[in-house]
Amino acid sequence: MRLFYSMMWWLAMPLVLARLWLRGRKEPGYRGHWGERLGFYGAGSASSSAAPVLWVHAVSVGETRAAEPLIDALLAEYPNGRVILTHMTPTGRATGKSLFAKHGARLAQSYLPYDTGTMVGRFIKHFKPAVCILMETEVWPNLIATCGARGVPVVLANARLSERSLRKAGRLGSLILDAAHGISLVAAQTEADAQRVRSLGVKQVEVTGSIKFDVVVPDAALAIGAALRRAIGARPVLLFASTREGEEALILQAVREARSELPVNVLLLVVPRHPQRFDEVAKMVGEAGLNVQRRSQLALDGAAEVSIPAYIDVVLGDSMGEMFAYYAACDCAFVGGSLLPLGGQNLIEPAALGKPVLIGPHTFNFAESTEDALSAGGAQRVADAAELVAAAARLLRDDEARAAMGRGALAFANRYRGATRRTLALLAPLIKR
């Protein structure tokens, strides 16, 4: 099966590269660093025996942000070590650059090579990693097999595996089962995740919790959030965070139909998950008859105070790496990807800031943490966009209920900290100092 899989990669490579070029029309980042995707690097080795290289793979934005506590802890635990952080998307790479600039030369970034033994082999030969840490749900058969052949232990950290993903894995048969047997360690978010991973045949599976609970809110993000809040003034702020394609249209229609229920001076803050959709969503807001102000046009980090005019109905969050700032500036937050069957997004970030959280019916990617937030009283599930706007309107008009829900969210976020420490302890036997 793996031989067939490898042949398919090589046969499809012209189409893969053509698609990469086409995607570059909207996201120019896809047209850069092609050598890395094919496993070609500059002359010389990227490591020495005295400085272990810790390879962390975070496919895109969400995984990169989730990896922050672990990467910070790894570099603190291994003061002579370095991290090579790989991605699949330009947005993930840009997020990593923003988050980890503080580590300077101790952290390098690269795109993950395509999953052929030859390309992955060149990556390992160049960087000489001591360990490969895949974040959340990334399983690449040739990568795992090549790491095994080169003596590089593979760890799946902060792992989650939904029933839907398990069924998909089952359809791939021995390809995934063989890959699972090649994983040295899985640090699962929940016992349910662990049980599903064990069913694939992974030998060592431990429940550590979600590393996302250990995230530290950056002071810079809080400062930008405070500046944005000052620019907004006393108006109530309803945030629609990490919205996905199709959700904004439902939300805007619900807002139009129930505008009288919302506070008259409410400001909507809309932050699409994918940056290539910023222009599309801005146009959509305008076509809905609402006045929009783009975050990118606000000089929030300047010396002069900025003020958002009262006639602005929507602020479009068209920036990268500022989600904490948006959460800090809002009164109530809806976490997207959940109105449509997309699986939801991480609700730990708004909870960590003590913000009331609203979510839609589709949260299968974060099922257990969502249920825990609901049980703690920090989140409320809504059936559709109309119910979302109605629930938000009630919270924005009821200071006491909103504060109580915020306290529940913060208690939920604080209760599950410690996954990074537990993961680090499991990694120690696998990493040669």
# chains A, B, ... in the order shown; residues from 1 in each chain; ligands from 1

$ residues_around --residues "A:Pro28" --least-positions-apart "3" --cutoff "12 Å" --atoms "only C-alpha atoms" --output "tab-separated table (two decimals) with N, CA and C atoms, in the first residue's frame"
chain	number	residue	atom	x	y	z
A	20	LEU	N	-0.34	24.40	-6.52
A	20	LEU	CA	0.39	25.33	-5.67
A	20	LEU	C	0.53	26.69	-6.35
A	21	TRP	N	0.86	26.67	-7.64
A	21	TRP	CA	1.01	27.91	-8.40
A	21	TRP	C	-0.32	28.66	-8.52
A	22	LEU	N	-1.39	27.91	-8.75
A	22	LEU	CA	-2.71	28.55	-8.87
A	22	LEU	C	-3.16	29.16	-7.55
A	23	ARG	N	-2.89	28.46	-6.46
A	23	ARG	CA	-3.27	29.01	-5.16
A	23	ARG	C	-2.49	30.28	-4.86
A	24	GLY	N	-1.32	30.40	-5.49
A	24	GLY	CA	-0.50	31.59	-5.31
A	24	GLY	C	-1.11	32.85	-5.88
A	25	ARG	N	-2.15	32.71	-6.70
A	25	ARG	CA	-2.81	33.91	-7.23
A	25	ARG	C	-3.48	34.69	-6.11
A	31	ARG	N	3.78	30.54	-3.67
A	31	ARG	CA	4.74	30.52	-4.78
A	31	ARG	C	6.18	30.67	-4.30
A	32	GLY	N	6.37	30.64	-3.01
A	32	GLY	CA	7.72	30.77	-2.46
A	32	GLY	C	8.19	29.48	-1.79
A	33	HIS	N	9.51	29.33	-1.69
A	33	HIS	CA	10.14	28.23	-0.96
A	33	HIS	C	9.77	26.85	-1.52
A	89	THR	N	1.20	25.51	5.11
A	89	THR	CA	0.55	26.68	4.54
A	89	THR	C	1.33	27.96	4.82
A	90	PRO	N	1.24	28.96	3.93
A	90	PRO	CA	1.89	30.25	4.19
A	90	PRO	C	1.36	30.95	5.43
A	91	THR	N	0.06	30.77	5.71
A	91	THR	CA	-0.50	31.43	6.90
A	91	THR	C	0.07	30.81	8.17
A	275	PRO	N	-7.14	34.21	5.58
A	275	PRO	CA	-6.86	35.57	5.10
A	275	PRO	C	-7.21	35.80	3.64
A	276	GLN	N	-7.22	34.75	2.83
A	276	GLN	CA	-7.56	34.94	1.42
A	276	GLN	C	-9.02	35.35	1.24

$ closest_atom_pairs --of "stretch 180-287 of chain A" --to "stretch 60-71 of chain A" --cutoff "8 Å" --atoms "only C-alpha atoms" --output "Markdown table"
| residue | atom | partner | partner_atom | distance |
| --- | --- | --- | --- | --- |
| A:Ile211 | CA | A:Ala66 | CA | 6.5 |
| A:Lys212 | CA | A:Ala66 | CA | 5.2 |
| A:Asp214 | CA | A:Pro69 | CA | 6.2 |
| A:Val215 | CA | A:Pro69 | CA | 5.6 |
| A:Val216 | CA | A:Pro69 | CA | 7.5 |

$ residues_around --residues "stretch 181-189 of chain A" --least-positions-apart "3" --cutoff "6 Å" --atoms "only C-alpha atoms" --output "PyMOL selection string"
chain A and resi 153-160+178+194+201-202+204-210

$ write_last_selection --atoms "N, CA, C and O atoms" --output "PDB file, in the first residue's frame"
ATOM      1  N   PRO A 153      12.553   9.060  16.503  1.00  0.00           N
ATOM      2  CA  PRO A 153      11.241   8.746  17.079  1.00  0.00           C
ATOM      3  C   PRO A 153      10.188   9.767  16.641  1.00  0.00           C
ATOM      4  O   PRO A 153      10.472  10.958  16.533  1.00  0.00           O
ATOM      5  N   VAL A 154       8.983   9.275  16.396  1.00  0.00           N
ATOM      6  CA  VAL A 154       7.874  10.131  15.961  1.00  0.00           C
ATOM      7  C   VAL A 154       6.841  10.206  17.076  1.00  0.00           C
ATOM      8  O   VAL A 154       6.403   9.171  17.607  1.00  0.00           O
ATOM      9  N   VAL A 155       6.453  11.416  17.414  1.00  0.00           N
ATOM     10  CA  VAL A 155       5.482  11.661  18.479  1.00  0.00           C
ATOM     11  C   VAL A 155       4.308  12.435  17.902  1.00  0.00           C
ATOM     12  O   VAL A 155       4.500  13.402  17.148  1.00  0.00           O
ATOM     13  N   LEU A 156       3.108  12.021  18.237  1.00  0.00           N
ATOM     14  CA  LEU A 156       1.902  12.781  17.891  1.00  0.00           C
ATOM     15  C   LEU A 156       1.471  13.497  19.164  1.00  0.00           C
ATOM     16  O   LEU A 156       1.055  12.852  20.138  1.00  0.00           O
ATOM     17  N   ALA A 157       1.636  14.818  19.209  1.00  0.00           N
ATOM     18  CA  ALA A 157       1.374  15.599  20.418  1.00  0.00           C
ATOM     19  C   ALA A 157       0.061  16.366  20.296  1.00  0.00           C
ATOM     20  O   ALA A 157      -0.353  16.741  19.206  1.00  0.00           O
ATOM     21  N   ASN A 158      -0.564  16.567  21.462  1.00  0.00           N
ATOM     22  CA  ASN A 158      -1.854  17.273  21.495  1.00  0.00           C
ATOM     23  C   ASN A 158      -2.846  16.593  20.560  1.00  0.00           C
ATOM     24  O   ASN A 158      -3.655  17.245  19.896  1.00  0.00           O
ATOM     25  N   ALA A 159      -2.779  15.270  20.511  1.00  0.00           N
ATOM     26  CA  ALA A 159      -3.493  14.504  19.487  1.00  0.00           C
ATOM     27  C   ALA A 159      -4.997  14.482  19.723  1.00  0.00           C
ATOM     28  O   ALA A 159      -5.469  14.345  20.855  1.00  0.00           O
ATOM     29  N   ARG A 160      -5.710  14.623  18.654  1.00  0.00           N
ATOM     30  CA  ARG A 160      -7.167  14.451  18.677  1.00  0.00           C
ATOM     31  C   ARG A 160      -7.570  13.639  17.458  1.00  0.00           C
ATOM     32  O   ARG A 160      -6.991  13.781  16.382  1.00  0.00           O
ATOM     33  N   ASP A 178      -0.067   0.679   9.300  1.00  0.00           N
ATOM     34  CA  ASP A 178       1.393   0.571   9.338  1.00  0.00           C
ATOM     35  C   ASP A 178       2.019   1.854   9.871  1.00  0.00           C
ATOM     36  O   ASP A 178       2.989   1.821  10.639  1.00  0.00           O
ATOM     37  N   ALA A 194      -7.726   9.042  22.947  1.00  0.00           N
ATOM     38  CA  ALA A 194      -6.745   7.986  23.189  1.00  0.00           C
ATOM     39  C   ALA A 194      -7.291   6.617  22.787  1.00  0.00           C
ATOM     40  O   ALA A 194      -6.581   5.807  22.169  1.00  0.00           O
ATOM     41  N   GLY A 201      -3.659   0.753  16.663  1.00  0.00           N
ATOM     42  CA  GLY A 201      -2.491  -0.068  16.924  1.00  0.00           C
ATOM     43  C   GLY A 201      -1.271   0.665  17.444  1.00  0.00           C
ATOM     44  O   GLY A 201      -0.183   0.087  17.499  1.00  0.00           O
ATOM     45  N   VAL A 202      -1.411   1.942  17.832  1.00  0.00           N
ATOM     46  CA  VAL A 202      -0.274   2.663  18.413  1.00  0.00           C
ATOM     47  C   VAL A 202       0.048   2.050  19.774  1.00  0.00           C
ATOM     48  O   VAL A 202      -0.839   1.802  20.585  1.00  0.00           O
ATOM     49  N   GLN A 204       2.173   3.137  22.479  1.00  0.00           N
ATOM     50  CA  GLN A 204       2.154   3.977  23.677  1.00  0.00           C
ATOM     51  C   GLN A 204       1.265   5.186  23.455  1.00  0.00           C
ATOM     52  O   GLN A 204       1.581   6.078  22.662  1.00  0.00           O
ATOM     53  N   VAL A 205       0.153   5.212  24.157  1.00  0.00           N
ATOM     54  CA  VAL A 205      -0.798   6.314  24.076  1.00  0.00           C
ATOM     55  C   VAL A 205      -1.091   6.791  25.491  1.00  0.00           C
ATOM     56  O   VAL A 205      -1.524   6.012  26.339  1.00  0.00           O
ATOM     57  N   GLU A 206      -0.833   8.053  25.755  1.00  0.00           N
ATOM     58  CA  GLU A 206      -1.070   8.638  27.075  1.00  0.00           C
ATOM     59  C   GLU A 206      -2.011   9.826  26.944  1.00  0.00           C
ATOM     60  O   GLU A 206      -1.969  10.555  25.945  1.00  0.00           O
ATOM     61  N   VAL A 207      -2.830  10.038  27.949  1.00  0.00           N
ATOM     62  CA  VAL A 207      -3.726  11.194  27.965  1.00  0.00           C
ATOM     63  C   VAL A 207      -3.047  12.319  28.733  1.00  0.00           C
ATOM     64  O   VAL A 207      -2.744  12.182  29.915  1.00  0.00           O
ATOM     65  N   THR A 208      -2.803  13.428  28.052  1.00  0.00           N
ATOM     66  CA  THR A 208      -2.115  14.561  28.669  1.00  0.00           C
ATOM     67  C   THR A 208      -2.995  15.802  28.791  1.00  0.00           C
ATOM     68  O   THR A 208      -2.650  16.737  29.502  1.00  0.00           O
ATOM     69  N   GLY A 209      -4.131  15.822  28.072  1.00  0.00           N
ATOM     70  CA  GLY A 209      -4.933  17.030  28.003  1.00  0.00           C
ATOM     71  C   GLY A 209      -4.502  17.889  26.827  1.00  0.00           C
ATOM     72  O   GLY A 209      -3.580  17.537  26.086  1.00  0.00           O
ATOM     73  N   SER A 210      -5.157  19.007  26.667  1.00  0.00           N
ATOM     74  CA  SER A 210      -4.868  19.889  25.543  1.00  0.00           C
ATOM     75  C   SER A 210      -3.842  20.941  25.921  1.00  0.00           C
ATOM     76  O   SER A 210      -4.010  21.680  26.903  1.00  0.00           O
TER      77      SER A 210
END

$ residues_around --residues "A:Thr86" --least-positions-apart "5" --cutoff "9 Å" --atoms "only C-alpha atoms" --output "PDB file with N, CA, C and O atoms, in the first residue's frame"
ATOM      1  N   TRP A  55      12.275  18.683  15.992  1.00  0.00           N
ATOM      2  CA  TRP A  55      11.437  18.957  14.824  1.00  0.00           C
ATOM      3  C   TRP A  55       9.972  18.967  15.249  1.00  0.00           C
ATOM      4  O   TRP A  55       9.457  17.971  15.760  1.00  0.00           O
ATOM      5  N   VAL A  56       9.306  20.078  15.050  1.00  0.00           N
ATOM      6  CA  VAL A  56       7.878  20.218  15.355  1.00  0.00           C
ATOM      7  C   VAL A  56       7.155  20.559  14.065  1.00  0.00           C
ATOM      8  O   VAL A  56       7.523  21.520  13.375  1.00  0.00           O
ATOM      9  N   HIS A  57       6.133  19.777  13.735  1.00  0.00           N
ATOM     10  CA  HIS A  57       5.346  20.064  12.534  1.00  0.00           C
ATOM     11  C   HIS A  57       3.964  20.566  12.924  1.00  0.00           C
ATOM     12  O   HIS A  57       3.220  19.888  13.647  1.00  0.00           O
ATOM     13  N   ALA A  58       3.627  21.761  12.462  1.00  0.00           N
ATOM     14  CA  ALA A  58       2.323  22.379  12.715  1.00  0.00           C
ATOM     15  C   ALA A  58       1.771  22.832  11.369  1.00  0.00           C
ATOM     16  O   ALA A  58       2.262  23.810  10.803  1.00  0.00           O
ATOM     17  N   VAL A  59       0.774  22.138  10.869  1.00  0.00           N
ATOM     18  CA  VAL A  59       0.379  22.294   9.467  1.00  0.00           C
ATOM     19  C   VAL A  59      -0.033  23.717   9.112  1.00  0.00           C
ATOM     20  O   VAL A  59       0.395  24.266   8.112  1.00  0.00           O
ATOM     21  N   GLY A  92       0.266  29.492   8.163  1.00  0.00           N
ATOM     22  CA  GLY A  92       0.906  28.851   9.307  1.00  0.00           C
ATOM     23  C   GLY A  92       2.315  29.349   9.494  1.00  0.00           C
ATOM     24  O   GLY A  92       2.753  29.639  10.618  1.00  0.00           O
ATOM     25  N   ARG A  93       3.034  29.488   8.378  1.00  0.00           N
ATOM     26  CA  ARG A  93       4.421  29.971   8.443  1.00  0.00           C
ATOM     27  C   ARG A  93       4.467  31.408   8.959  1.00  0.00           C
ATOM     28  O   ARG A  93       5.318  31.756   9.791  1.00  0.00           O
ATOM     29  N   ALA A 108      14.131  27.740  13.538  1.00  0.00           N
ATOM     30  CA  ALA A 108      14.104  27.935  12.090  1.00  0.00           C
ATOM     31  C   ALA A 108      12.793  27.385  11.550  1.00  0.00           C
ATOM     32  O   ALA A 108      12.173  26.516  12.166  1.00  0.00           O
ATOM     33  N   GLN A 109      12.369  27.907  10.400  1.00  0.00           N
ATOM     34  CA  GLN A 109      11.121  27.460   9.789  1.00  0.00           C
ATOM     35  C   GLN A 109      11.365  26.907   8.394  1.00  0.00           C
ATOM     36  O   GLN A 109      12.297  27.325   7.693  1.00  0.00           O
ATOM     37  N   SER A 110      10.503  25.982   8.011  1.00  0.00           N
ATOM     38  CA  SER A 110      10.578  25.400   6.678  1.00  0.00           C
ATOM     39  C   SER A 110       9.206  24.828   6.339  1.00  0.00           C
ATOM     40  O   SER A 110       8.403  24.551   7.242  1.00  0.00           O
ATOM     41  N   TYR A 111       8.942  24.659   5.049  1.00  0.00           N
ATOM     42  CA  TYR A 111       7.770  23.883   4.671  1.00  0.00           C
ATOM     43  C   TYR A 111       8.091  22.404   4.812  1.00  0.00           C
ATOM     44  O   TYR A 111       9.246  21.977   4.621  1.00  0.00           O
ATOM     45  N   LEU A 112       7.090  21.618   5.166  1.00  0.00           N
ATOM     46  CA  LEU A 112       7.257  20.171   5.219  1.00  0.00           C
ATOM     47  C   LEU A 112       7.410  19.643   3.803  1.00  0.00           C
ATOM     48  O   LEU A 112       6.624  19.986   2.921  1.00  0.00           O
ATOM     49  N   PRO A 113       8.407  18.793   3.546  1.00  0.00           N
ATOM     50  CA  PRO A 113       8.504  18.226   2.198  1.00  0.00           C
ATOM     51  C   PRO A 113       7.309  17.320   1.908  1.00  0.00           C
ATOM     52  O   PRO A 113       6.697  16.767   2.830  1.00  0.00           O
TER      53      PRO A 113
END

$ closest_residue --among "A:Ala241, A:Gly354, A:Arg82, A:Pro263" --to "A:Asn414" --atoms "only C-alpha atoms"
A:Gly354

$ select_by_dssp --residues "stretch 131-276 of chain A" --states "strand (DSSP E)" --output "tab-separated table (two decimals) with all heavy atoms, in the first residue's frame"
chain	number	residue	atom	x	y	z
A	131	VAL	N	14.12	14.21	17.20
A	131	VAL	CA	12.76	13.73	17.38
A	131	VAL	C	11.87	14.46	16.39
A	131	VAL	O	12.17	15.59	15.98
A	131	VAL	CB	12.28	13.97	18.85
A	131	VAL	CG1	12.17	15.47	19.14
A	131	VAL	CG2	10.97	13.26	19.15
A	132	CYS	N	10.78	13.84	16.01
A	132	CYS	CA	9.77	14.46	15.14
A	132	CYS	C	8.46	14.53	15.92
A	132	CYS	O	7.93	13.49	16.33
A	132	CYS	CB	9.58	13.64	13.87
A	132	CYS	SG	8.18	14.20	12.85
A	133	ILE	N	7.98	15.74	16.16
A	133	ILE	CA	6.75	15.95	16.92
A	133	ILE	C	5.69	16.50	15.96
A	133	ILE	O	5.80	17.63	15.48
A	133	ILE	CB	6.97	16.93	18.08
A	133	ILE	CG1	8.10	16.41	19.00
A	133	ILE	CG2	5.68	17.12	18.88
A	133	ILE	CD1	8.55	17.43	20.04
A	134	LEU	N	4.68	15.70	15.69
A	134	LEU	CA	3.58	16.09	14.81
A	134	LEU	C	2.43	16.59	15.68
A	134	LEU	O	2.02	15.91	16.63
A	134	LEU	CB	3.10	14.91	13.96
A	134	LEU	CG	4.17	14.18	13.14
A	134	LEU	CD1	3.58	12.94	12.48
A	134	LEU	CD2	4.75	15.12	12.08
A	135	MET	N	1.92	17.77	15.36
A	135	MET	CA	0.86	18.36	16.18
A	135	MET	C	-0.53	17.91	15.74
A	135	MET	O	-0.88	17.99	14.56
A	135	MET	CB	0.94	19.88	16.13
A	135	MET	CG	2.19	20.48	16.76
A	135	MET	SD	2.38	20.12	18.52
A	135	MET	CE	0.92	20.95	19.18
A	154	VAL	N	8.98	9.28	16.40
A	154	VAL	CA	7.87	10.13	15.96
A	154	VAL	C	6.84	10.21	17.08
A	154	VAL	O	6.40	9.17	17.61
A	154	VAL	CB	7.22	9.59	14.69
A	154	VAL	CG1	6.01	10.44	14.29
A	154	VAL	CG2	8.23	9.54	13.54
A	155	VAL	N	6.45	11.42	17.41
A	155	VAL	CA	5.48	11.66	18.48
A	155	VAL	C	4.31	12.44	17.90
A	155	VAL	O	4.50	13.40	17.15
A	155	VAL	CB	6.12	12.47	19.63
A	155	VAL	CG1	5.07	12.80	20.70
A	155	VAL	CG2	7.29	11.71	20.23
A	156	LEU	N	3.11	12.02	18.24
A	156	LEU	CA	1.90	12.78	17.89
A	156	LEU	C	1.47	13.50	19.16
A	156	LEU	O	1.05	12.85	20.14
A	156	LEU	CB	0.81	11.85	17.38
A	156	LEU	CG	-0.40	12.48	16.67
A	156	LEU	CD1	0.05	13.27	15.45
A	156	LEU	CD2	-1.40	11.42	16.27
A	157	ALA	N	1.64	14.82	19.21
A	157	ALA	CA	1.37	15.60	20.42
A	157	ALA	C	0.06	16.37	20.30
A	157	ALA	O	-0.35	16.74	19.21
A	157	ALA	CB	2.52	16.57	20.67
A	158	ASN	N	-0.56	16.57	21.46
A	158	ASN	CA	-1.85	17.27	21.49
A	158	ASN	C	-2.85	16.59	20.56
A	158	ASN	O	-3.66	17.24	19.90
A	158	ASN	CB	-1.67	18.74	21.10
A	158	ASN	CG	-2.68	19.65	21.76
A	158	ASN	OD1	-2.95	19.51	22.94
A	158	ASN	ND2	-3.25	20.58	21.00
A	159	ALA	N	-2.78	15.27	20.51
A	159	ALA	CA	-3.49	14.50	19.49
A	159	ALA	C	-5.00	14.48	19.72
A	159	ALA	O	-5.47	14.34	20.85
A	159	ALA	CB	-2.96	13.08	19.45
A	185	LEU	N	5.05	7.48	20.25
A	185	LEU	CA	4.27	7.98	21.38
A	185	LEU	C	3.15	8.87	20.88
A	185	LEU	O	3.35	9.67	19.96
A	185	LEU	CB	5.18	8.79	22.32
A	185	LEU	CG	4.51	9.68	23.38
A	185	LEU	CD1	3.85	8.82	24.45
A	185	LEU	CD2	5.53	10.63	24.01
A	186	VAL	N	1.97	8.74	21.47
A	186	VAL	CA	0.87	9.66	21.22
A	186	VAL	C	0.46	10.28	22.55
A	186	VAL	O	0.16	9.56	23.52
A	186	VAL	CB	-0.34	8.96	20.58
A	186	VAL	CG1	-1.54	9.92	20.52
A	186	VAL	CG2	0.00	8.48	19.17
A	187	ALA	N	0.49	11.60	22.62
A	187	ALA	CA	0.00	12.35	23.78
A	187	ALA	C	-1.37	12.90	23.40
A	187	ALA	O	-1.46	13.88	22.66
A	187	ALA	CB	0.97	13.47	24.15
A	188	ALA	N	-2.43	12.24	23.87
A	188	ALA	CA	-3.79	12.54	23.44
A	188	ALA	C	-4.44	13.60	24.32
A	188	ALA	O	-4.15	13.70	25.51
A	188	ALA	CB	-4.64	11.27	23.44
A	205	VAL	N	0.15	5.21	24.16
A	205	VAL	CA	-0.80	6.31	24.08
A	205	VAL	C	-1.09	6.79	25.49
A	205	VAL	O	-1.52	6.01	26.34
A	205	VAL	CB	-2.11	5.89	23.39
A	205	VAL	CG1	-3.04	7.10	23.26
A	205	VAL	CG2	-1.84	5.28	22.02
A	206	GLU	N	-0.83	8.05	25.75
A	206	GLU	CA	-1.07	8.64	27.08
A	206	GLU	C	-2.01	9.83	26.94
A	206	GLU	O	-1.97	10.55	25.95
A	206	GLU	CB	0.25	9.10	27.71
A	206	GLU	CG	1.33	8.03	27.80
A	206	GLU	CD	1.02	6.93	28.79
A	206	GLU	OE1	0.13	7.16	29.65
A	206	GLU	OE2	1.66	5.87	28.73
A	207	VAL	N	-2.83	10.04	27.95
A	207	VAL	CA	-3.73	11.19	27.96
A	207	VAL	C	-3.05	12.32	28.73
A	207	VAL	O	-2.74	12.18	29.92
A	207	VAL	CB	-5.08	10.85	28.61
A	207	VAL	CG1	-5.99	12.07	28.65
A	207	VAL	CG2	-5.75	9.70	27.88
A	237	VAL	N	-19.50	45.18	22.03
A	237	VAL	CA	-18.81	44.55	20.91
A	237	VAL	C	-19.14	43.07	20.86
A	237	VAL	O	-18.89	42.33	21.82
A	237	VAL	CB	-17.29	44.74	21.03
A	237	VAL	CG1	-16.58	44.06	19.86
A	237	VAL	CG2	-16.93	46.21	21.09
A	238	LEU	N	-19.66	42.64	19.71
A	238	LEU	CA	-19.99	41.24	19.47
A	238	LEU	C	-19.02	40.70	18.43
A	238	LEU	O	-18.98	41.17	17.30
A	238	LEU	CB	-21.43	41.11	18.97
A	238	LEU	CG	-21.90	39.73	18.49
A	238	LEU	CD1	-21.68	38.66	19.56
A	238	LEU	CD2	-23.37	39.78	18.07
A	239	LEU	N	-18.20	39.73	18.85
A	239	LEU	CA	-17.16	39.18	17.99
A	239	LEU	C	-17.61	37.88	17.33
A	239	LEU	O	-18.12	36.98	18.01
A	239	LEU	CB	-15.89	38.92	18.82
A	239	LEU	CG	-14.77	38.12	18.17
A	239	LEU	CD1	-14.21	38.84	16.95
A	239	LEU	CD2	-13.66	37.84	19.18
A	240	PHE	N	-17.42	37.79	16.02
A	240	PHE	CA	-17.60	36.54	15.28
A	240	PHE	C	-16.19	36.10	14.85
A	240	PHE	O	-15.62	36.63	13.88
A	240	PHE	CB	-18.50	36.75	14.06
A	240	PHE	CG	-19.88	37.23	14.43
A	240	PHE	CD1	-20.22	38.58	14.33
A	240	PHE	CD2	-20.84	36.35	14.91
A	240	PHE	CE1	-21.49	39.03	14.68
A	240	PHE	CE2	-22.12	36.79	15.26
A	240	PHE	CZ	-22.44	38.13	15.14
A	241	ALA	N	-15.62	35.14	15.57
A	241	ALA	CA	-14.22	34.78	15.41
A	241	ALA	C	-14.04	33.52	14.58
A	241	ALA	O	-14.83	32.57	14.69
A	241	ALA	CB	-13.58	34.57	16.79
A	242	SER	N	-13.00	33.52	13.76
A	242	SER	CA	-12.63	32.34	12.95
A	242	SER	C	-13.80	31.83	12.12
A	242	SER	O	-14.04	30.63	12.02
A	242	SER	CB	-12.12	31.22	13.86
A	242	SER	OG	-10.92	31.58	14.49
A	243	THR	N	-14.53	32.75	11.50
A	243	THR	CA	-15.67	32.35	10.68
A	243	THR	C	-15.17	31.69	9.40
A	243	THR	O	-14.13	32.04	8.84
A	243	THR	CB	-16.55	33.55	10.33
A	243	THR	OG1	-15.75	34.58	9.73
A	243	THR	CG2	-17.22	34.11	11.57
A	267	LEU	N	-21.35	47.11	17.98
A	267	LEU	CA	-20.34	47.00	16.93
A	267	LEU	C	-20.06	45.53	16.70
A	267	LEU	O	-19.77	44.79	17.65
A	267	LEU	CB	-19.05	47.71	17.33
A	267	LEU	CG	-17.95	47.66	16.26
A	267	LEU	CD1	-18.24	48.63	15.13
A	267	LEU	CD2	-16.58	47.95	16.86
A	268	LEU	N	-20.14	45.11	15.45
A	268	LEU	CA	-19.83	43.73	15.09
A	268	LEU	C	-18.36	43.65	14.68
A	268	LEU	O	-17.89	44.46	13.88
A	268	LEU	CB	-20.72	43.26	13.94
A	268	LEU	CG	-22.22	43.45	14.11
A	268	LEU	CD1	-22.97	42.94	12.89
A	268	LEU	CD2	-22.72	42.76	15.38
A	269	LEU	N	-17.66	42.69	15.22
A	269	LEU	CA	-16.25	42.45	14.90
A	269	LEU	C	-16.17	41.09	14.22
A	269	LEU	O	-16.44	40.06	14.85
A	269	LEU	CB	-15.42	42.48	16.18
A	269	LEU	CG	-13.91	42.29	16.11
A	269	LEU	CD1	-13.28	43.20	15.08
A	269	LEU	CD2	-13.30	42.52	17.48
A	270	VAL	N	-15.86	41.06	12.93
A	270	VAL	CA	-15.87	39.83	12.14
A	270	VAL	C	-14.44	39.49	11.75
A	270	VAL	O	-13.75	40.29	11.12
A	270	VAL	CB	-16.74	39.98	10.88
A	270	VAL	CG1	-16.75	38.67	10.08
A	270	VAL	CG2	-18.17	40.37	11.26
A	271	VAL	N	-14.00	38.27	12.12
A	271	VAL	CA	-12.62	37.84	11.84
A	271	VAL	C	-12.66	36.51	11.09
A	271	VAL	O	-12.78	35.45	11.70
A	271	VAL	CB	-11.80	37.69	13.13
A	271	VAL	CG1	-10.34	37.38	12.80
A	271	VAL	CG2	-11.91	38.93	14.00
A	272	PRO	N	-12.58	36.54	9.75
A	272	PRO	CA	-12.55	35.29	8.98
A	272	PRO	C	-11.31	34.47	9.32
A	272	PRO	O	-10.24	35.02	9.60
A	272	PRO	CB	-12.51	35.76	7.52
A	272	PRO	CG	-12.99	37.19	7.56
A	272	PRO	CD	-12.54	37.72	8.88

$ residues_around --residues "A:Ile124" --least-positions-apart "2" --cutoff "9 Å" --atoms "only C-alpha atoms" --output "compact mmCIF listing (two decimals) with C-alpha atoms, in the first residue's frame"
# COMPACT_ATOMS: atom_id res chain seq x y z
CA MET A 119 12.10 14.18 -0.04
CA VAL A 120 11.63 13.41 3.64
CA GLY A 121 14.99 11.64 3.63
CA ARG A 122 16.71 14.78 2.34
CA HIS A 126 19.98 18.08 6.31
CA PHE A 127 18.46 18.93 9.69
CA LYS A 128 19.36 15.74 11.61
CA PRO A 129 16.41 15.95 14.02
CA THR A 146 11.56 7.23 6.90
CA CYS A 147 11.93 8.50 10.47
CA ARG A 150 16.71 6.76 10.33
CA VAL A 152 14.10 9.36 14.60

$ closest_residue --among "A:Ala413, A:Ala288, A:Ile308, A:Leu395" --to "A:Leu347" --atoms "only C-alpha atoms"
A:Ala413

$ residues_around --residues "stretch 360-364 of chain A" --least-positions-apart "4" --cutoff "6 Å" --atoms "only C-alpha atoms" --output "short mmCIF file (atom, residue, chain, number, x, y, z; two decimals) with N, CA and C atoms, in the first residue's frame"
data_model
loop_
_atom_site.label_atom_id
_atom_site.label_comp_id
_atom_site.auth_asym_id
_atom_site.auth_seq_id
_atom_site.Cartn_x
_atom_site.Cartn_y
_atom_site.Cartn_z
N SER A 338 -18.63 26.35 13.39
CA SER A 338 -19.58 25.52 14.13
C SER A 338 -21.03 25.71 13.69
N LEU A 339 -21.33 26.74 12.91
CA LEU A 339 -22.69 26.89 12.38
C LEU A 339 -22.95 25.89 11.26
N PRO A 341 -21.38 22.21 9.25
CA PRO A 341 -20.71 20.98 9.71
C PRO A 341 -19.22 20.94 9.38
N GLY A 343 -16.87 21.26 12.10
CA GLY A 343 -16.17 20.71 13.26
C GLY A 343 -15.81 21.68 14.35
N GLY A 344 -16.00 23.00 14.09
CA GLY A 344 -15.71 23.99 15.11
C GLY A 344 -14.26 24.39 15.19
N ARG A 381 -24.49 26.79 23.58
CA ARG A 381 -24.66 26.28 22.22
C ARG A 381 -25.94 26.84 21.61
N VAL A 382 -25.86 27.22 20.33
CA VAL A 382 -27.03 27.72 19.61
C VAL A 382 -27.27 26.83 18.40
N ALA A 383 -28.51 26.76 17.96
CA ALA A 383 -28.87 25.84 16.87
C ALA A 383 -28.56 26.40 15.50
#
